[in-house]
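**Q** This is the content of query-v6.txt (compact mmCIF, C-alpha atoms and all ligand atoms):
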```txt
# COMPACT_ATOMS: atom_id res chain seq x y z
CA MET A 1 -30.53 -20.40 -49.51
CA LYS A 2 -27.07 -21.74 -48.82
CA LEU A 3 -25.32 -20.82 -45.60
CA GLU A 4 -22.89 -18.57 -47.42
CA GLU A 5 -25.68 -16.71 -49.20
CA ILE A 6 -27.51 -16.15 -45.92
CA ARG A 7 -24.40 -14.65 -44.42
CA THR A 8 -23.99 -12.17 -47.29
CA ALA A 9 -27.68 -11.24 -47.29
CA LEU A 10 -27.60 -10.64 -43.53
CA ALA A 11 -24.61 -8.31 -43.87
CA ALA A 12 -26.40 -6.33 -46.58
CA ASP A 13 -29.62 -6.07 -44.54
CA LEU A 14 -27.73 -4.99 -41.42
CA ALA A 15 -25.95 -2.26 -43.37
CA GLU A 16 -29.34 -0.81 -44.26
CA ALA A 17 -30.79 -0.99 -40.76
CA THR A 18 -30.18 2.57 -39.66
CA ASN A 19 -32.66 2.67 -36.77
CA GLU A 20 -33.91 0.31 -34.09
CA ALA A 21 -37.25 -0.38 -35.80
CA ALA A 22 -35.53 -1.42 -39.02
CA LEU A 23 -33.17 -3.60 -37.01
CA ALA A 24 -36.09 -5.38 -35.33
CA VAL A 25 -37.42 -6.30 -38.78
CA VAL A 26 -34.04 -7.72 -39.81
CA LYS A 27 -33.84 -9.69 -36.61
CA ALA A 28 -37.25 -11.25 -37.20
CA ARG A 29 -36.37 -12.01 -40.81
CA TYR A 30 -33.36 -14.10 -39.80
CA LEU A 31 -33.83 -15.37 -36.25
CA GLY A 32 -37.61 -15.12 -35.82
CA LYS A 33 -39.96 -18.13 -35.65
CA ASP A 34 -40.29 -18.10 -39.42
CA GLY A 35 -36.82 -16.65 -39.98
CA VAL A 36 -34.37 -17.65 -42.66
CA VAL A 37 -31.90 -19.15 -40.22
CA THR A 38 -34.57 -20.87 -38.17
CA ASN A 39 -36.18 -22.40 -41.25
CA LEU A 40 -32.88 -23.70 -42.48
CA ARG A 41 -32.96 -26.46 -39.94
CA ARG A 42 -36.65 -27.09 -40.30
CA ASN A 43 -36.32 -27.80 -44.01
CA VAL A 44 -33.44 -30.23 -43.77
CA ASP A 45 -34.14 -33.93 -44.17
CA PHE A 46 -31.81 -35.36 -41.56
CA SER A 47 -32.80 -38.93 -42.38
CA ALA A 48 -31.20 -38.58 -45.80
CA MET A 49 -27.86 -37.60 -44.27
CA THR A 50 -24.93 -39.72 -43.13
CA PRO A 51 -23.85 -39.16 -39.52
CA ASP A 52 -20.88 -37.12 -40.76
CA GLU A 53 -23.08 -34.91 -42.91
CA ARG A 54 -25.42 -34.38 -39.98
CA LYS A 55 -22.53 -33.38 -37.76
CA GLY A 56 -21.12 -31.04 -40.42
CA PHE A 57 -24.49 -29.39 -40.89
CA GLY A 58 -24.97 -28.96 -37.14
CA LEU A 59 -21.62 -27.24 -36.74
CA ALA A 60 -22.16 -24.90 -39.70
CA PHE A 61 -25.69 -24.09 -38.56
CA ASN A 62 -24.62 -23.21 -35.01
CA GLU A 63 -21.81 -21.08 -36.30
CA LEU A 64 -24.17 -19.16 -38.57
CA ARG A 65 -26.72 -18.65 -35.81
CA SER A 66 -24.23 -17.29 -33.32
CA LEU A 67 -22.67 -15.10 -35.97
CA ALA A 68 -26.11 -13.67 -36.82
CA GLU A 69 -26.80 -13.11 -33.10
CA SER A 70 -23.55 -11.33 -32.42
CA GLU A 71 -23.81 -9.13 -35.52
CA LEU A 72 -27.34 -8.16 -34.62
CA ASP A 73 -26.23 -7.38 -31.05
CA ALA A 74 -23.34 -5.24 -32.28
CA VAL A 75 -25.62 -3.14 -34.49
CA GLN A 76 -28.11 -2.90 -31.64
CA ALA A 77 -25.41 -1.56 -29.31
CA ARG A 78 -24.28 0.96 -31.87
CA LEU A 79 -27.80 2.20 -32.54
CA SER A 80 -28.72 2.59 -28.87
CA ALA A 81 -25.50 4.48 -28.12
CA ALA A 82 -26.21 6.81 -31.03
CA ALA A 83 -29.80 7.22 -29.80
CA GLN A 84 -28.55 8.96 -26.61
CA PRO A 85 -28.92 12.67 -27.20
CA ALA A 86 -25.71 14.69 -26.80
CA PRO A 87 -25.87 16.81 -23.64
CA ALA A 88 -26.98 20.33 -24.47
CA GLY A 89 -24.05 22.55 -25.26
CA PHE A 90 -21.60 19.66 -25.35
CA ASP A 91 -18.73 20.39 -27.67
CA TYR A 92 -17.11 17.20 -28.93
CA THR A 93 -14.16 19.12 -30.33
CA LEU A 94 -12.91 20.31 -26.93
CA PRO A 95 -9.90 18.48 -25.41
CA ALA A 96 -10.66 15.94 -22.68
CA ASP A 97 -10.66 16.84 -18.99
CA ASP A 98 -7.22 17.10 -17.46
CA ARG A 99 -7.76 14.40 -14.84
CA ARG A 100 -5.25 14.81 -12.05
CA LEU A 101 -3.67 11.67 -10.68
CA GLY A 102 -3.20 11.68 -6.94
CA SER A 103 0.30 11.63 -5.54
CA ILE A 104 1.82 9.75 -2.66
CA HIS A 105 1.75 11.51 0.69
CA PRO A 106 5.26 12.74 1.58
CA ILE A 107 5.44 10.63 4.74
CA ILE A 108 4.40 7.44 2.93
CA ALA A 109 6.80 8.27 0.08
CA THR A 110 9.60 8.51 2.67
CA GLN A 111 8.45 5.24 4.24
CA LEU A 112 8.43 3.38 0.90
CA GLU A 113 11.92 4.55 0.05
CA ILE A 114 13.25 3.48 3.45
CA GLU A 115 11.51 0.11 3.12
CA ASP A 116 13.39 -0.46 -0.13
CA ILE A 117 16.71 0.34 1.51
CA PHE A 118 16.15 -2.03 4.41
CA ARG A 119 14.82 -4.75 2.12
CA SER A 120 18.07 -4.54 0.20
CA MET A 121 19.85 -5.22 3.51
CA GLY A 122 17.79 -8.35 4.12
CA PHE A 123 15.13 -6.90 6.42
CA SER A 124 11.52 -7.89 5.95
CA VAL A 125 8.65 -5.47 6.40
CA PHE A 126 6.29 -6.53 9.17
CA ALA A 127 2.88 -4.88 9.17
CA GLY A 128 1.44 -4.28 12.61
CA ASP A 129 -1.77 -3.10 14.21
CA GLU A 130 -2.57 0.38 15.43
CA ALA A 131 -4.58 -0.90 18.38
CA VAL A 132 -2.47 -3.21 20.51
CA SER A 133 -2.60 -4.81 23.93
CA GLU A 134 -1.27 -3.03 26.99
CA PHE A 135 1.25 -5.86 27.23
CA GLU A 136 2.62 -5.30 23.73
CA ASN A 137 2.85 -1.54 24.09
CA PHE A 138 4.29 -1.47 27.62
CA ASP A 139 4.93 -4.60 29.71
CA ALA A 140 6.69 -6.60 27.00
CA LEU A 141 9.03 -3.64 26.63
CA ASN A 142 9.95 -3.48 30.28
CA ILE A 143 7.99 -0.26 30.75
CA PRO A 144 6.98 -0.28 34.42
CA GLY A 145 3.41 0.16 35.66
CA ASP A 146 4.11 3.62 37.06
CA HIS A 147 5.72 4.97 33.89
CA PRO A 148 4.16 8.32 32.89
CA ALA A 149 3.48 7.07 29.33
CA ARG A 150 0.95 4.66 30.81
CA ASP A 151 -1.05 7.53 32.18
CA MET A 152 -4.56 8.20 30.86
CA GLN A 153 -3.38 11.69 30.03
CA ASP A 154 -0.62 10.60 27.67
CA THR A 155 -2.02 7.58 25.91
CA PHE A 156 -5.28 6.90 24.11
CA TRP A 157 -6.83 3.93 25.92
CA LEU A 158 -9.68 2.07 24.26
CA GLU A 159 -12.71 0.95 26.22
CA ASN A 160 -11.71 -2.70 25.84
CA GLY A 161 -8.39 -2.06 27.63
CA MET A 162 -6.27 -1.94 24.47
CA VAL A 163 -4.27 1.14 23.53
CA LEU A 164 -3.60 3.04 20.34
CA ARG A 165 0.08 2.19 20.09
CA THR A 166 2.29 5.00 21.29
CA HIS A 167 5.30 3.68 19.38
CA THR A 168 6.16 1.03 16.80
CA SER A 169 8.25 -0.71 19.49
CA SER A 170 4.92 -2.28 20.43
CA MET A 171 5.48 -4.66 17.49
CA GLN A 172 8.77 -6.03 18.83
CA ASN A 173 7.25 -8.78 20.93
CA ARG A 174 4.83 -9.93 18.23
CA ALA A 175 7.53 -9.86 15.54
CA MET A 176 9.85 -12.07 17.60
CA ARG A 177 7.05 -14.51 18.40
CA GLN A 178 5.64 -14.66 14.90
CA LEU A 179 8.81 -14.52 12.82
CA GLY A 180 11.10 -16.30 15.27
CA VAL A 181 14.79 -15.60 15.65
CA PRO A 182 17.25 -14.85 14.08
CA LEU A 183 15.27 -11.96 12.72
CA ARG A 184 15.69 -8.79 10.69
CA ALA A 185 12.55 -6.75 10.31
CA ILE A 186 11.24 -3.23 10.13
CA PHE A 187 7.76 -2.20 11.18
CA PRO A 188 6.58 1.13 9.84
CA GLY A 189 3.30 2.67 10.88
CA ARG A 190 1.12 5.19 12.57
CA CYS A 191 1.42 5.91 16.27
CA PHE A 192 -0.70 7.99 18.60
CA ARG A 193 -0.06 10.08 21.68
CA ASN A 194 -2.36 12.37 23.53
CA GLU A 195 -0.25 15.47 22.91
CA ALA A 196 -0.99 19.15 23.11
CA LEU A 197 -0.56 20.12 19.46
CA ASP A 198 2.00 22.64 18.29
CA ILE A 199 4.41 22.94 15.37
CA THR A 200 6.47 19.97 16.56
CA HIS A 201 3.80 17.85 18.29
CA GLU A 202 1.03 15.85 16.66
CA ASN A 203 -1.26 13.27 18.23
CA THR A 204 -0.86 11.08 15.12
CA PHE A 205 2.56 10.47 13.61
CA TYR A 206 4.59 7.82 11.82
CA GLN A 207 7.53 5.81 13.07
CA LEU A 208 9.62 3.08 11.53
CA GLU A 209 11.03 0.54 13.94
CA GLY A 210 13.94 -1.73 13.14
CA LEU A 211 14.80 -4.94 14.95
CA LEU A 212 17.70 -7.27 14.34
CA ILE A 213 18.18 -10.35 16.50
CA ASP A 214 20.93 -12.87 15.98
CA ARG A 215 23.87 -14.48 17.72
CA ASP A 216 26.69 -12.13 18.80
CA VAL A 217 25.13 -8.86 17.69
CA SER A 218 27.04 -5.84 18.95
CA VAL A 219 26.85 -2.04 18.98
CA ALA A 220 29.31 -2.09 16.06
CA ASN A 221 26.67 -3.90 13.98
CA LEU A 222 24.11 -1.29 14.94
CA ILE A 223 26.39 1.55 13.83
CA ALA A 224 27.29 -0.23 10.58
CA VAL A 225 23.66 -0.80 9.63
CA MET A 226 22.75 2.79 10.47
CA ARG A 227 25.64 4.15 8.41
CA ASP A 228 24.74 1.96 5.43
CA PHE A 229 21.17 3.10 5.75
CA LEU A 230 22.10 6.79 5.85
CA ALA A 231 24.55 6.42 2.97
CA ALA A 232 21.69 4.99 0.88
CA VAL A 233 19.33 7.83 1.88
CA PHE A 234 21.79 10.67 1.29
CA ARG A 235 23.89 8.93 -1.40
CA ARG A 236 27.17 9.72 0.37
CA ASP A 237 29.03 8.70 3.51
CA ILE A 238 27.42 10.11 6.61
CA GLU A 239 29.12 10.66 9.95
CA VAL A 240 27.19 9.39 12.95
CA ARG A 241 27.66 9.60 16.67
CA LEU A 242 25.99 7.92 19.63
CA ARG A 243 25.02 9.65 22.84
CA PRO A 244 23.63 7.79 25.82
CA GLY A 245 19.84 7.69 25.90
CA PHE A 246 17.43 5.91 28.19
CA PHE A 247 14.59 3.62 27.15
CA PRO A 248 13.52 0.75 29.41
CA PHE A 249 13.63 -1.76 26.53
CA VAL A 250 17.24 -1.22 25.45
CA GLU A 251 20.50 -1.59 27.35
CA PRO A 252 22.65 0.25 26.57
CA GLY A 253 20.41 2.83 24.95
CA PHE A 254 21.49 5.63 22.63
CA GLU A 255 20.49 8.65 20.67
CA LEU A 256 22.01 8.45 17.23
CA ASP A 257 22.91 11.76 15.59
CA PHE A 258 24.21 12.36 12.09
CA ARG A 259 26.26 15.25 10.79
CA THR A 260 24.84 17.33 7.99
CA THR A 261 24.66 20.87 6.69
CA LEU A 262 21.45 22.54 7.74
CA GLY A 263 20.85 26.21 7.00
CA GLY A 264 24.42 26.51 5.72
CA VAL A 265 25.92 25.27 9.01
CA ARG A 266 27.56 21.87 9.65
CA ARG A 267 25.97 20.40 12.68
CA TRP A 268 24.81 17.28 14.46
CA VAL A 269 21.17 16.44 14.02
CA GLU A 270 19.39 14.04 16.34
CA LEU A 271 18.04 11.25 14.14
CA MET A 272 16.93 8.23 16.10
CA PRO A 273 16.83 6.55 19.45
CA CYS A 274 18.26 3.05 19.43
CA GLY A 275 20.06 0.51 21.54
CA MET A 276 20.76 -3.12 22.30
CA VAL A 277 17.57 -5.05 23.03
CA HIS A 278 17.20 -5.54 26.78
CA PRO A 279 17.56 -9.19 27.88
CA GLN A 280 14.18 -9.04 29.61
CA VAL A 281 12.53 -7.95 26.34
CA LEU A 282 14.00 -11.02 24.66
CA ARG A 283 12.83 -13.24 27.50
CA ASN A 284 9.33 -11.74 27.28
CA ALA A 285 9.20 -12.97 23.68
CA GLY A 286 10.54 -16.43 24.50
CA VAL A 287 14.03 -15.70 23.20
CA ASP A 288 17.03 -16.84 25.23
CA PRO A 289 19.29 -13.82 25.93
CA ASP A 290 22.23 -16.12 26.61
CA VAL A 291 22.10 -17.24 22.98
CA TYR A 292 20.70 -14.22 21.17
CA SER A 293 21.26 -10.49 21.25
CA GLY A 294 20.14 -7.69 19.00
CA PHE A 295 19.50 -4.04 18.42
CA ALA A 296 16.43 -1.90 17.87
CA PHE A 297 15.96 1.58 16.52
CA GLY A 298 13.02 3.90 16.17
CA LEU A 299 13.04 6.25 13.24
CA GLY A 300 10.64 9.17 13.35
CA LEU A 301 9.25 9.02 9.82
CA THR A 302 7.25 12.19 10.28
CA ARG A 303 10.31 14.01 11.57
CA LEU A 304 12.43 12.69 8.73
CA ALA A 305 9.89 13.85 6.15
CA MET A 306 9.91 17.31 7.81
CA LEU A 307 13.68 17.39 7.66
CA ARG A 308 14.00 16.32 4.06
CA HIS A 309 11.30 18.64 2.72
CA GLY A 310 11.88 21.55 5.08
CA VAL A 311 8.31 21.38 6.41
CA PRO A 312 8.10 23.88 9.29
CA ASP A 313 4.91 22.63 11.00
CA VAL A 314 4.16 18.96 11.70
CA ARG A 315 0.42 19.62 11.67
CA LEU A 316 0.50 20.28 7.92
CA PHE A 317 0.93 16.55 7.23
CA ASN A 318 -2.45 15.56 8.63
CA LYS A 319 -4.50 18.50 7.46
CA ALA A 320 -5.41 17.07 4.04
CA ASP A 321 -4.83 20.51 2.60
CA LEU A 322 -4.33 19.96 -1.13
CA ARG A 323 -2.22 23.10 -1.44
CA PHE A 324 0.30 21.37 0.84
CA CYS A 325 0.04 17.81 -0.52
CA GLN A 326 0.30 18.84 -4.17
CA GLN A 327 3.72 20.34 -3.62
CA PHE A 328 5.27 16.89 -3.39
CA PRO A 329 6.09 14.86 -6.48
CA ALA A 330 4.41 11.47 -6.84
CA SER A 331 7.72 9.80 -6.01
CA PHE A 332 11.34 10.73 -5.82
N1 LIG B 1 9.99 3.56 20.88
C1 LIG B 1 10.83 4.66 21.25
C2 LIG B 1 10.02 5.96 21.16
O1 LIG B 1 9.01 6.00 20.53
C3 LIG B 1 12.01 4.78 20.35
C4 LIG B 1 12.99 3.65 20.39
C5 LIG B 1 12.90 2.59 19.52
C6 LIG B 1 14.04 3.64 21.28
C7 LIG B 1 13.79 1.55 19.52
C8 LIG B 1 14.96 2.63 21.30
C9 LIG B 1 14.84 1.59 20.44
O2 LIG B 1 10.39 6.96 21.73
```
Would you mind writing the file's structure down as structure tokens?

**A**
Amino acid sequence: MKLEEIRTALAADLAEATNEAALAVVKARYLGKDGVVTNLRRNVDFSAMTPDERKGFGLAFNELRSLAESELDAVQARLSAAAQPAPAGFDYTLPADDRRLGSIHPIIATQLEIEDIFRSMGFSVFAGDEAVSEFENFDALNIPGDHPARDMQDTFWLENGMVLRTHTSSMQNRAMRQLGVPLRAIFPGRCFRNEALDITHENTFYQLEGLLIDRDVSVANLIAVMRDFLAAVFRRDIEVRLRPGFFPFVEPGFELDFRTTLGGVRRWVELMPCGMVHPQVLRNAGVDPDVYSGFAFGLGLTRLAMLRHGVPDVRLFNKADLRFCQQFPASF
């Protein structure tokens, strides 16, 4: 038989092989020890061929053999799939399961949106660790040894002396060392405090820290960045005000409020603590405060998500209660 004839005959035989036993016979007929394809090579007198003819035969033979193999395999796969019995009572005409896609947790959704806004202002997103050294969480930030936050009662200390970070400010030192200055970065993430839980207190919550270090940075720059940020979040101009606030790692330190309508009333809402980075904090990171200055702010992501969605109880966020989570669209 010629190669072409073998191909046609194989197709016809395969079409008739309607069960695995019949297929095994076809397989033996073509690829078995005494099979049609196998014999093809055995019966050729290579010595009567020119090198080119030999090469041409070899190529055609290999092509036929792999074609036969793959066609046999395809029929085999079809037959064994069909051999699986349908589960009892299975109705193929019913519509497929309505598989639900998960959605993004409202806090993370808020975080991702804010990341985009700051990225558009040239900030990079710096991922941190949740377990940090005592130095990073406290000393680097000018927080003295007798500060109440350092107490066993307020902070989760690990057995190896590290702490579960109590704020994202714990990334300031590392960011300055690793990224160098000038620097614009945000560090979002989970923070932990040993709190008594109630509707406004959780032991696990999210913050988003911002840090900008450059030459000649002033409070005016801080206000401008915050206003641009809020305008992007609320899609309109937002009035802000600063009140004095104390944190050991900023000087001067502020509480930034913004004006909005809540419950039908125009009022000031406390949004975020912020301030000019304390010279000692710069020094602790190897940055010369005579050359560089900067500002830092700490946005309570959990609080912001509560505000924007009107969530009355902070504990709902961590409960993994689907009735709560499913109320939020996958994105906004
Ligand atoms: N880390 C402070 C807190 O958690 C907030 C803060 C950040 C204050 C940056 C000033 C500057 O309370």

**Q** Can you tell me how far atom CA of A:Phe229 sits from atom CA of A:Phe317, in Å to one decimal?

**A**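 Between atom CA of A:Phe229 and atom CA of A:Phe317 the gap is 24.3 Å.
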
**Q** Any chance you could tabulate, as a Markdown table, the residues of chain A at most 6 Å from ligand LIG 1 (chain B) with each one's nearest atom pair and distance in Å to one decimal, using only C-alpha atoms and all ligand atoms, in chain and rising number order?

**A**
```
| residue | atom | partner | partner_atom | distance |
| --- | --- | --- | --- | --- |
| A:His167 | CA | B:LIG1 | O1 | 4.5 |
| A:Ser169 | CA | B:LIG1 | N1 | 4.8 |
| A:Phe247 | CA | B:LIG1 | C6 | 5.9 |
| A:Pro273 | CA | B:LIG1 | C6 | 4.4 |
| A:Cys274 | CA | B:LIG1 | C8 | 3.8 |
| A:Gly275 | CA | B:LIG1 | C9 | 5.4 |
| A:Ala296 | CA | B:LIG1 | C9 | 4.6 |
| A:Phe297 | CA | B:LIG1 | C7 | 3.7 |
| A:Gly298 | CA | B:LIG1 | C5 | 3.6 |
```

**Q** Please, what is the axis-aligned box for every listed atom of stretch 214-231 of chain A with 3 Å on each side, as centre and edge lengths in Å to one decimal, as lines of an AutoDock Vina configuration file?

**A**
```
center_x = 25.1
center_y = -3.8
center_z = 11.0
size_x = 14.4
size_y = 27.3
size_z = 22.0
```

**Q** Find the residues near A:Asn203: any atom within 10 Å, counting only C-alpha atoms, skip ones fewer than 6 places away on the same chain, and give them as a list of chain:residue names.

**A**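 Using only C-alpha atoms, the neighbours found are A:Asp154, A:Thr155, A:Phe156, A:Thr166, A:Cys191, A:Phe192, A:Arg193, A:Asn194, A:Glu195, A:Ala196, A:Leu197, A:Arg315, A:Asn318.
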
**Q** Quick one: residues within 12 Å of stretch 38-50 of chain A, all atoms listed in the file, excluding same-chain residues fewer than 2 positions away - as a count of residues only?

**A** 29
